[in-house]
$ cat work34.txt   # compact mmCIF, C-alpha atoms and all ligand atoms
# COMPACT_ATOMS: atom_id res chain seq x y z
CA MET A 74 -0.21 -20.48 1.95
CA SER A 75 3.35 -21.83 1.65
CA GLY A 76 5.03 -21.44 -1.71
CA SER A 77 2.50 -19.18 -3.36
CA TYR A 78 3.22 -15.84 -1.67
CA THR A 79 5.97 -13.29 -1.39
CA PHE A 80 6.29 -9.85 0.14
CA THR A 81 7.69 -6.79 -1.63
CA MET A 82 8.39 -3.14 -0.98
CA ILE A 83 8.96 -0.44 -3.56
CA LYS A 84 11.72 1.44 -1.73
CA PRO A 85 11.95 5.22 -1.10
CA ASP A 86 14.28 5.96 -4.04
CA ALA A 87 11.90 4.34 -6.53
CA VAL A 88 8.80 5.99 -5.05
CA GLN A 89 10.56 9.38 -5.07
CA ALA A 90 11.67 8.91 -8.70
CA GLY A 91 8.09 8.25 -9.86
CA ASN A 92 8.66 4.57 -10.59
CA ILE A 93 5.72 3.03 -8.69
CA GLY A 94 3.75 2.60 -11.92
CA GLY A 95 6.66 1.18 -13.92
CA ILE A 96 7.47 -1.37 -11.21
CA LEU A 97 3.84 -2.42 -10.68
CA ASN A 98 3.57 -2.89 -14.43
CA MET A 99 6.54 -5.29 -14.41
CA ILE A 100 4.96 -7.13 -11.45
CA ASN A 101 1.68 -7.49 -13.40
CA GLU A 102 3.48 -8.52 -16.59
CA GLY A 103 5.37 -11.09 -14.50
CA GLY A 104 2.08 -12.79 -13.66
CA PHE A 105 1.85 -11.87 -9.97
CA ARG A 106 -1.52 -11.14 -8.38
CA ILE A 107 -1.68 -8.34 -5.79
CA VAL A 108 -3.14 -9.76 -2.57
CA ALA A 109 -2.55 -6.61 -0.44
CA MET A 110 -0.94 -3.22 -1.03
CA LYS A 111 -0.36 0.14 0.68
CA LEU A 112 1.67 3.36 0.54
CA THR A 113 3.20 4.00 3.96
CA LYS A 114 6.29 5.36 5.68
CA LEU A 115 8.37 3.35 8.15
CA THR A 116 9.45 4.77 11.48
CA LYS A 117 13.04 4.15 12.61
CA ARG A 118 11.82 1.50 15.06
CA GLN A 119 9.74 -0.27 12.38
CA ALA A 120 12.66 -0.35 9.90
CA GLU A 121 15.03 -1.61 12.63
CA VAL A 122 12.65 -4.47 13.44
CA PHE A 123 11.92 -5.31 9.80
CA TYR A 124 15.67 -5.57 9.02
CA GLU A 125 16.63 -7.14 12.38
CA ILE A 126 18.32 -10.09 10.58
CA HIS A 127 20.86 -7.60 9.15
CA GLN A 128 21.67 -5.85 12.43
CA GLU A 129 25.25 -7.17 12.58
CA ARG A 130 26.00 -6.15 8.99
CA PRO A 131 28.01 -2.96 8.35
CA PHE A 132 25.30 -1.36 6.23
CA TYR A 133 22.49 -1.78 8.83
CA GLY A 134 22.48 1.84 10.07
CA GLU A 135 22.47 3.26 6.56
CA LEU A 136 19.82 0.78 5.47
CA VAL A 137 17.49 1.87 8.29
CA GLU A 138 18.13 5.55 7.52
CA TYR A 139 17.47 5.03 3.82
CA MET A 140 14.31 2.94 4.33
CA THR A 141 12.84 5.69 6.56
CA SER A 142 13.77 8.53 4.18
CA GLY A 143 10.40 8.58 2.41
CA PRO A 144 7.25 6.60 1.68
CA ILE A 145 7.36 3.02 0.46
CA VAL A 146 4.80 0.76 -1.20
CA ALA A 147 4.33 -2.55 0.63
CA ALA A 148 2.56 -5.46 -1.05
CA ILE A 149 1.85 -9.19 -0.82
CA LEU A 150 2.11 -10.97 -4.20
CA GLU A 151 0.70 -14.34 -5.26
CA LYS A 152 2.07 -16.69 -7.89
CA ASP A 153 3.22 -20.33 -8.01
CA ASN A 154 6.68 -20.55 -6.47
CA ALA A 155 6.38 -16.82 -5.65
CA VAL A 156 9.57 -16.25 -3.62
CA GLU A 157 11.90 -17.67 -6.24
CA ALA A 158 9.96 -16.25 -9.19
CA TYR A 159 10.00 -12.78 -7.68
CA ARG A 160 13.71 -12.90 -6.79
CA GLU A 161 14.26 -13.71 -10.46
CA LEU A 162 12.12 -10.76 -11.57
CA ILE A 163 13.89 -8.26 -9.27
CA GLY A 164 17.46 -9.37 -10.06
CA ALA A 165 20.67 -9.21 -8.02
CA THR A 166 21.04 -6.95 -4.96
CA ASP A 167 23.75 -4.98 -6.76
CA PRO A 168 22.14 -3.45 -9.87
CA THR A 169 25.42 -3.61 -11.79
CA LYS A 170 25.09 -7.42 -11.46
CA ALA A 171 21.34 -7.57 -12.16
CA ALA A 172 20.30 -9.31 -15.39
CA GLU A 173 18.67 -7.49 -18.31
CA GLY A 174 14.91 -7.33 -17.99
CA THR A 175 14.92 -7.27 -14.16
CA ILE A 176 13.35 -4.56 -12.01
CA ARG A 177 16.66 -3.64 -10.37
CA LYS A 178 18.47 -3.47 -13.71
CA LYS A 179 15.86 -0.98 -14.90
CA PHE A 180 15.17 1.07 -11.75
CA ALA A 181 17.92 0.62 -9.10
CA THR A 182 20.57 3.32 -8.74
CA SER A 183 22.98 1.62 -6.28
CA ILE A 184 23.40 -1.49 -4.09
CA ALA A 185 21.66 0.39 -1.26
CA ALA A 186 19.04 2.27 -3.27
CA ASN A 187 18.01 -0.80 -5.23
CA ALA A 188 14.34 0.04 -5.91
CA VAL A 189 12.63 -3.02 -4.41
CA HIS A 190 12.64 -5.57 -1.61
CA GLY A 191 11.73 -9.23 -2.16
CA SER A 192 11.42 -11.95 0.50
CA ASP A 193 14.20 -14.56 0.50
CA SER A 194 12.20 -17.57 1.80
CA ASP A 195 8.63 -18.76 2.39
CA ASP A 196 9.11 -18.31 6.15
CA ASN A 197 10.28 -14.72 5.73
CA ALA A 198 7.50 -14.00 3.22
CA LYS A 199 5.01 -14.91 5.94
CA ILE A 200 6.81 -12.95 8.68
CA GLU A 201 7.12 -9.87 6.46
CA SER A 202 3.51 -10.08 5.20
CA ASP A 203 2.24 -10.37 8.78
CA PHE A 204 4.37 -7.37 9.79
CA PHE A 205 2.43 -5.11 7.39
CA PHE A 206 -0.99 -6.62 6.72
CA PRO A 207 -3.82 -8.03 8.87
CA ARG A 208 -6.09 -10.56 7.17
CA LEU A 209 -8.82 -8.02 6.55
CA GLU A 210 -6.44 -6.10 4.22
CA ARG A 211 -5.72 -9.23 2.12
CA PHE A 212 -7.95 -10.21 -0.80
CA THR A 213 -8.73 -13.43 -2.63
CA ALA A 214 -8.70 -13.65 -6.43
CA GLU A 215 -12.49 -13.26 -6.26
CA GLY A 216 -12.16 -9.96 -4.40
CA GLU A 217 -13.15 -11.26 -0.96
CA SER A 218 -11.46 -9.68 2.07
CA CYS A 219 -10.00 -11.63 5.04
CA TYR A 220 -7.75 -13.88 2.93
N1 LIG B 1 22.37 -3.42 1.20
C1 LIG B 1 23.31 -2.41 1.23
N2 LIG B 1 24.64 -2.73 1.04
C2 LIG B 1 25.04 -4.02 0.85
C3 LIG B 1 24.08 -5.04 0.82
C4 LIG B 1 22.76 -4.71 1.00
O1 LIG B 1 22.96 -1.24 1.42
O2 LIG B 1 26.26 -4.25 0.69
C5 LIG B 1 20.95 -3.08 1.41
C6 LIG B 1 20.14 -3.16 0.10
O3 LIG B 1 19.15 -2.14 0.12
C7 LIG B 1 19.55 -4.55 0.20
C8 LIG B 1 19.25 -4.66 1.69
O4 LIG B 1 20.35 -4.01 2.31
O5 LIG B 1 18.39 -4.69 -0.63
C9 LIG B 1 19.09 -6.05 2.22
O6 LIG B 1 20.23 -6.81 1.87
P1 LIG B 1 20.10 -8.29 1.31
O7 LIG B 1 21.46 -8.91 1.33
O8 LIG B 1 19.01 -9.00 2.03
O9 LIG B 1 19.71 -8.08 -0.24
P2 LIG B 1 18.34 -8.36 -1.01
O10 LIG B 1 17.71 -9.56 -0.38
O11 LIG B 1 17.50 -7.11 -0.88
O12 LIG B 1 18.74 -8.61 -2.45
MG MG B 2 17.22 -9.95 1.59

$ encode --input "work34.txt" --output "structure tokens"
Amino acid sequence: MSGSYTFTMIKPDAVQAGNIGGILNMINEGGFRIVAMKLTKLTKRQAEVFYEIHQERPFYGELVEYMTSGPIVAAILEKDNAVEAYRELIGATDPTKAAEGTIRKKFATSIAANAVHGSDSDDNAKIESDFFFPRLERFTAEGESCY
């Protein structure tokens, strides 16, 4: 599975602003296949655990509050070299530094409310995918469950 998968969330600001469709369109146009996807809302505990690696950073409390402020779309994406390719598609964390043609350039409103999450490594892509999706909610390219 290594190398071909990444995990993404469409964050509360982008869901609230009606940008699910626009972002999924850019994901499709970028050549990613959707392996798993759901609309859900994180509890405080779930967001704290998901972002545990950032717990010493000054923005951790605000990040947890923001990520629990409304529904999110979680998804597993497949493409060759998925983690790097998707980081390229989403652009820099700070939307003022994100390149033209990236998801964050188009849809992010601030460094905190930056429209999407993307895994930063193959290991984290697996950890994050497993956090949200059991195998029976993952699908092969042929449409078979239990991927
Ligand atoms: N974040 C923030 N302030 C910062 C840096 C990050 O609010 O100064 C938030 C932002 O939503 C970001 C998330 O914390 O997407 C995780 O930060 P990370 O450095 O992992 O950025 P990413 O991998 O999302 O580009
Ligand atoms: Mg990150």

$ residues_near_ligand --input "work34.txt" --ligand "ligand MG 2 (chain B)" --cutoff "9 Å" --atoms "all atoms listed in the file" --output "list in words"
Tyr124, His127, Thr166, His190, Gly191, Ser192 and Asp193 of chain A

$ residues_near_ligand --input "work34.txt" --ligand "ligand LIG 1 (chain B)" --cutoff "10 Å" --atoms "only C-alpha atoms and all ligand atoms" --output "PDB file with C-alpha atoms, in the frame of the given file"
ATOM      1  CA  THR A  81       7.690  -6.790  -1.630  1.00  0.00           C
ATOM      2  CA  MET A  82       8.390  -3.140  -0.980  1.00  0.00           C
ATOM      3  CA  LYS A  84      11.720   1.440  -1.730  1.00  0.00           C
ATOM      4  CA  TYR A 124      15.670  -5.570   9.020  1.00  0.00           C
ATOM      5  CA  ILE A 126      18.320 -10.090  10.580  1.00  0.00           C
ATOM      6  CA  HIS A 127      20.860  -7.600   9.150  1.00  0.00           C
ATOM      7  CA  ARG A 130      26.000  -6.150   8.990  1.00  0.00           C
ATOM      8  CA  PRO A 131      28.010  -2.960   8.350  1.00  0.00           C
ATOM      9  CA  PHE A 132      25.300  -1.360   6.230  1.00  0.00           C
ATOM     10  CA  TYR A 133      22.490  -1.780   8.830  1.00  0.00           C
ATOM     11  CA  GLY A 134      22.480   1.840  10.070  1.00  0.00           C
ATOM     12  CA  GLU A 135      22.470   3.260   6.560  1.00  0.00           C
ATOM     13  CA  LEU A 136      19.820   0.780   5.470  1.00  0.00           C
ATOM     14  CA  VAL A 137      17.490   1.870   8.290  1.00  0.00           C
ATOM     15  CA  TYR A 139      17.470   5.030   3.820  1.00  0.00           C
ATOM     16  CA  MET A 140      14.310   2.940   4.330  1.00  0.00           C
ATOM     17  CA  ARG A 160      13.710 -12.900  -6.790  1.00  0.00           C
ATOM     18  CA  ILE A 163      13.890  -8.260  -9.270  1.00  0.00           C
ATOM     19  CA  GLY A 164      17.460  -9.370 -10.060  1.00  0.00           C
ATOM     20  CA  ALA A 165      20.670  -9.210  -8.020  1.00  0.00           C
ATOM     21  CA  THR A 166      21.040  -6.950  -4.960  1.00  0.00           C
ATOM     22  CA  ASP A 167      23.750  -4.980  -6.760  1.00  0.00           C
ATOM     23  CA  PRO A 168      22.140  -3.450  -9.870  1.00  0.00           C
ATOM     24  CA  ARG A 177      16.660  -3.640 -10.370  1.00  0.00           C
ATOM     25  CA  ALA A 181      17.920   0.620  -9.100  1.00  0.00           C
ATOM     26  CA  SER A 183      22.980   1.620  -6.280  1.00  0.00           C
ATOM     27  CA  ILE A 184      23.400  -1.490  -4.090  1.00  0.00           C
ATOM     28  CA  ALA A 185      21.660   0.390  -1.260  1.00  0.00           C
ATOM     29  CA  ALA A 186      19.040   2.270  -3.270  1.00  0.00           C
ATOM     30  CA  ASN A 187      18.010  -0.800  -5.230  1.00  0.00           C
ATOM     31  CA  ALA A 188      14.340   0.040  -5.910  1.00  0.00           C
ATOM     32  CA  VAL A 189      12.630  -3.020  -4.410  1.00  0.00           C
ATOM     33  CA  HIS A 190      12.640  -5.570  -1.610  1.00  0.00           C
ATOM     34  CA  GLY A 191      11.730  -9.230  -2.160  1.00  0.00           C
ATOM     35  CA  SER A 192      11.420 -11.950   0.500  1.00  0.00           C
ATOM     36  CA  ASP A 193      14.200 -14.560   0.500  1.00  0.00           C
ATOM     37  CA  SER A 194      12.200 -17.570   1.800  1.00  0.00           C
TER      38      SER A 194
END

$ residues_around --input "work34.txt" --residues "Phe212 of chain A" --least-positions-apart "6" --cutoff "9 Å" --atoms "all atoms listed in the file" --output "NGL selection string"
:A and (107-109 or 218-220)

$ atom_distance --input "work34.txt" --atom1 "atom CA of Asn197 of chain A" --atom2 "atom CA of Glu125 of chain A"
11.9 Å

$ closest_residue --input "work34.txt" --among "A:Lys170, A:Arg118, A:Lys179, A:Arg208" --to "Gly95 of chain A" --atoms "only C-alpha atoms"
A:Lys179

$ closest_residue --input "work34.txt" --among "A:Glu157, A:Phe206, A:Glu151, A:Thr182" --to "Thr169 of chain A" --atoms "only C-alpha atoms"
A:Thr182

$ residues_near_point --input "work34.txt" --point "(7.8, -16.2, -11.2)" --cutoff "12 Å" --atoms "only C-alpha atoms" --output "list in words"
Gly76, Ser77, Tyr78, Thr79, Met99, Ile100, Asn101, Glu102, Gly103, Gly104, Phe105, Arg106, Leu150, Glu151, Lys152, Asp153, Asn154, Ala155, Val156, Glu157, Ala158, Tyr159, Arg160, Glu161, Leu162, Ile163, Gly164 and Thr175 of chain A

$ atom_distance --input "work34.txt" --atom1 "atom CA of Lys111 of chain A" --atom2 "atom CA of Gln128 of chain A"
25.7 Å

$ decode --input "work34.txt" --residues "segment 147-189 of chain A" --atoms "N, CA and C atoms" --output "mmCIF file, in the first residue's frame"
data_model
loop_
_atom_site.group_PDB
_atom_site.id
_atom_site.type_symbol
_atom_site.label_atom_id
_atom_site.label_comp_id
_atom_site.auth_asym_id
_atom_site.auth_seq_id
_atom_site.Cartn_x
_atom_site.Cartn_y
_atom_site.Cartn_z
ATOM 1 N N ALA A 147 -13.875 13.305 5.115
ATOM 2 C CA ALA A 147 -12.631 12.534 5.211
ATOM 3 C C ALA A 147 -12.560 11.600 4.017
ATOM 4 N N ALA A 148 -11.351 11.413 3.467
ATOM 5 C CA ALA A 148 -11.221 10.528 2.307
ATOM 6 C C ALA A 148 -9.820 9.930 2.210
ATOM 7 N N ILE A 149 -9.751 8.730 1.653
ATOM 8 C CA ILE A 149 -8.477 8.120 1.257
ATOM 9 C C ILE A 149 -8.377 8.259 -0.263
ATOM 10 N N LEU A 150 -7.222 8.725 -0.736
ATOM 11 C CA LEU A 150 -6.996 8.944 -2.172
ATOM 12 C C LEU A 150 -5.872 8.053 -2.667
ATOM 13 N N GLU A 151 -6.000 7.580 -3.911
ATOM 14 C CA GLU A 151 -4.974 6.733 -4.518
ATOM 15 C C GLU A 151 -4.406 7.370 -5.781
ATOM 16 N N LYS A 152 -3.107 7.352 -5.857
ATOM 17 C CA LYS A 152 -2.377 7.811 -7.052
ATOM 18 C C LYS A 152 -0.916 7.426 -6.856
ATOM 19 N N ASP A 153 -0.142 7.249 -7.914
ATOM 20 C CA ASP A 153 1.296 7.022 -7.745
ATOM 21 C C ASP A 153 1.896 8.185 -6.963
ATOM 22 N N ASN A 154 2.745 7.864 -6.011
ATOM 23 C CA ASN A 154 3.423 8.910 -5.233
ATOM 24 C C ASN A 154 2.413 9.881 -4.600
ATOM 25 N N ALA A 155 1.352 9.310 -3.995
ATOM 26 C CA ALA A 155 0.174 10.085 -3.588
ATOM 27 C C ALA A 155 0.466 11.197 -2.578
ATOM 28 N N VAL A 156 1.290 10.911 -1.563
ATOM 29 C CA VAL A 156 1.508 11.917 -0.514
ATOM 30 C C VAL A 156 2.098 13.189 -1.111
ATOM 31 N N GLU A 157 3.178 13.014 -1.875
ATOM 32 C CA GLU A 157 3.855 14.173 -2.455
ATOM 33 C C GLU A 157 2.972 14.856 -3.507
ATOM 34 N N ALA A 158 2.335 14.063 -4.342
ATOM 35 C CA ALA A 158 1.480 14.634 -5.394
ATOM 36 C C ALA A 158 0.326 15.438 -4.789
ATOM 37 N N TYR A 159 -0.220 14.939 -3.695
ATOM 38 C CA TYR A 159 -1.352 15.651 -3.086
ATOM 39 C C TYR A 159 -0.889 16.904 -2.345
ATOM 40 N N ARG A 160 0.277 16.842 -1.692
ATOM 41 C CA ARG A 160 0.805 18.059 -1.043
ATOM 42 C C ARG A 160 1.008 19.144 -2.104
ATOM 43 N N GLU A 161 1.436 18.724 -3.279
ATOM 44 C CA GLU A 161 1.623 19.681 -4.377
ATOM 45 C C GLU A 161 0.281 20.275 -4.808
ATOM 46 N N LEU A 162 -0.741 19.437 -4.893
ATOM 47 C CA LEU A 162 -2.067 19.920 -5.309
ATOM 48 C C LEU A 162 -2.684 20.857 -4.271
ATOM 49 N N ILE A 163 -2.448 20.601 -2.971
ATOM 50 C CA ILE A 163 -3.096 21.460 -1.963
ATOM 51 C C ILE A 163 -2.349 22.771 -1.755
ATOM 52 N N GLY A 164 -1.027 22.782 -1.916
ATOM 53 C CA GLY A 164 -0.267 24.019 -1.746
ATOM 54 C C GLY A 164 0.159 24.251 -0.307
ATOM 55 N N ALA A 165 0.850 25.369 -0.076
ATOM 56 C CA ALA A 165 1.436 25.669 1.233
ATOM 57 C C ALA A 165 0.370 25.830 2.314
ATOM 58 N N THR A 166 0.774 25.562 3.563
ATOM 59 C CA THR A 166 -0.126 25.692 4.725
ATOM 60 C C THR A 166 -0.751 27.081 4.780
ATOM 61 N N ASP A 167 0.073 28.092 4.571
ATOM 62 C CA ASP A 167 -0.388 29.484 4.571
ATOM 63 C C ASP A 167 -0.870 29.839 3.154
ATOM 64 N N PRO A 168 -2.162 30.098 2.991
ATOM 65 C CA PRO A 168 -2.685 30.317 1.631
ATOM 66 C C PRO A 168 -2.057 31.511 0.906
ATOM 67 N N THR A 169 -1.512 32.465 1.658
ATOM 68 C CA THR A 169 -0.855 33.593 0.987
ATOM 69 C C THR A 169 0.448 33.131 0.309
ATOM 70 N N LYS A 170 0.945 31.952 0.738
ATOM 71 C CA LYS A 170 2.177 31.400 0.139
ATOM 72 C C LYS A 170 1.880 30.241 -0.815
ATOM 73 N N ALA A 171 0.607 29.892 -0.957
ATOM 74 C CA ALA A 171 0.237 28.754 -1.817
ATOM 75 C C ALA A 171 0.299 29.162 -3.284
ATOM 76 N N ALA A 172 0.818 28.249 -4.116
ATOM 77 C CA ALA A 172 0.982 28.535 -5.546
ATOM 78 C C ALA A 172 -0.370 28.627 -6.260
ATOM 79 N N GLU A 173 -0.378 29.349 -7.361
ATOM 80 C CA GLU A 173 -1.553 29.415 -8.247
ATOM 81 C C GLU A 173 -1.951 28.003 -8.660
ATOM 82 N N GLY A 174 -3.246 27.767 -8.734
ATOM 83 C CA GLY A 174 -3.712 26.472 -9.205
ATOM 84 C C GLY A 174 -3.827 25.428 -8.099
ATOM 85 N N THR A 175 -3.469 25.798 -6.851
ATOM 86 C CA THR A 175 -3.590 24.843 -5.743
ATOM 87 C C THR A 175 -4.946 25.019 -5.046
ATOM 88 N N ILE A 176 -5.327 23.963 -4.321
ATOM 89 C CA ILE A 176 -6.621 23.987 -3.610
ATOM 90 C C ILE A 176 -6.634 25.091 -2.555
ATOM 91 N N ARG A 177 -5.534 25.214 -1.805
ATOM 92 C CA ARG A 177 -5.517 26.248 -0.752
ATOM 93 C C ARG A 177 -5.500 27.660 -1.330
ATOM 94 N N LYS A 178 -4.811 27.839 -2.448
ATOM 95 C CA LYS A 178 -4.829 29.167 -3.090
ATOM 96 C C LYS A 178 -6.268 29.544 -3.431
ATOM 97 N N LYS A 179 -7.030 28.574 -3.912
ATOM 98 C CA LYS A 179 -8.387 28.859 -4.379
ATOM 99 C C LYS A 179 -9.397 28.942 -3.231
ATOM 100 N N PHE A 180 -9.255 28.074 -2.210
ATOM 101 C CA PHE A 180 -10.340 27.935 -1.234
ATOM 102 C C PHE A 180 -9.989 28.295 0.207
ATOM 103 N N ALA A 181 -8.704 28.401 0.571
ATOM 104 C CA ALA A 181 -8.356 28.676 1.971
ATOM 105 C C ALA A 181 -8.547 30.153 2.294
ATOM 106 N N THR A 182 -8.952 30.436 3.529
ATOM 107 C CA THR A 182 -9.160 31.827 3.932
ATOM 108 C C THR A 182 -8.100 32.323 4.910
ATOM 109 N N SER A 183 -7.383 31.411 5.591
ATOM 110 C CA SER A 183 -6.315 31.803 6.520
ATOM 111 C C SER A 183 -5.394 30.605 6.753
ATOM 112 N N ILE A 184 -4.308 30.815 7.500
ATOM 113 C CA ILE A 184 -3.386 29.701 7.789
ATOM 114 C C ILE A 184 -4.065 28.629 8.630
ATOM 115 N N ALA A 185 -5.044 29.017 9.431
ATOM 116 C CA ALA A 185 -5.781 28.033 10.252
ATOM 117 C C ALA A 185 -6.904 27.405 9.424
ATOM 118 N N ALA A 186 -7.729 28.260 8.850
ATOM 119 C CA ALA A 186 -8.865 27.779 8.049
ATOM 120 C C ALA A 186 -8.397 27.602 6.609
ATOM 121 N N ASN A 187 -7.611 26.532 6.400
ATOM 122 C CA ASN A 187 -6.946 26.393 5.102
ATOM 123 C C ASN A 187 -7.535 25.280 4.217
ATOM 124 N N ALA A 188 -8.823 25.056 4.383
ATOM 125 C CA ALA A 188 -9.664 24.271 3.453
ATOM 126 C C ALA A 188 -9.455 22.750 3.453
ATOM 127 N N VAL A 189 -8.204 22.303 3.496
ATOM 128 C CA VAL A 189 -7.955 20.863 3.392
ATOM 129 C C VAL A 189 -6.777 20.416 4.254
#
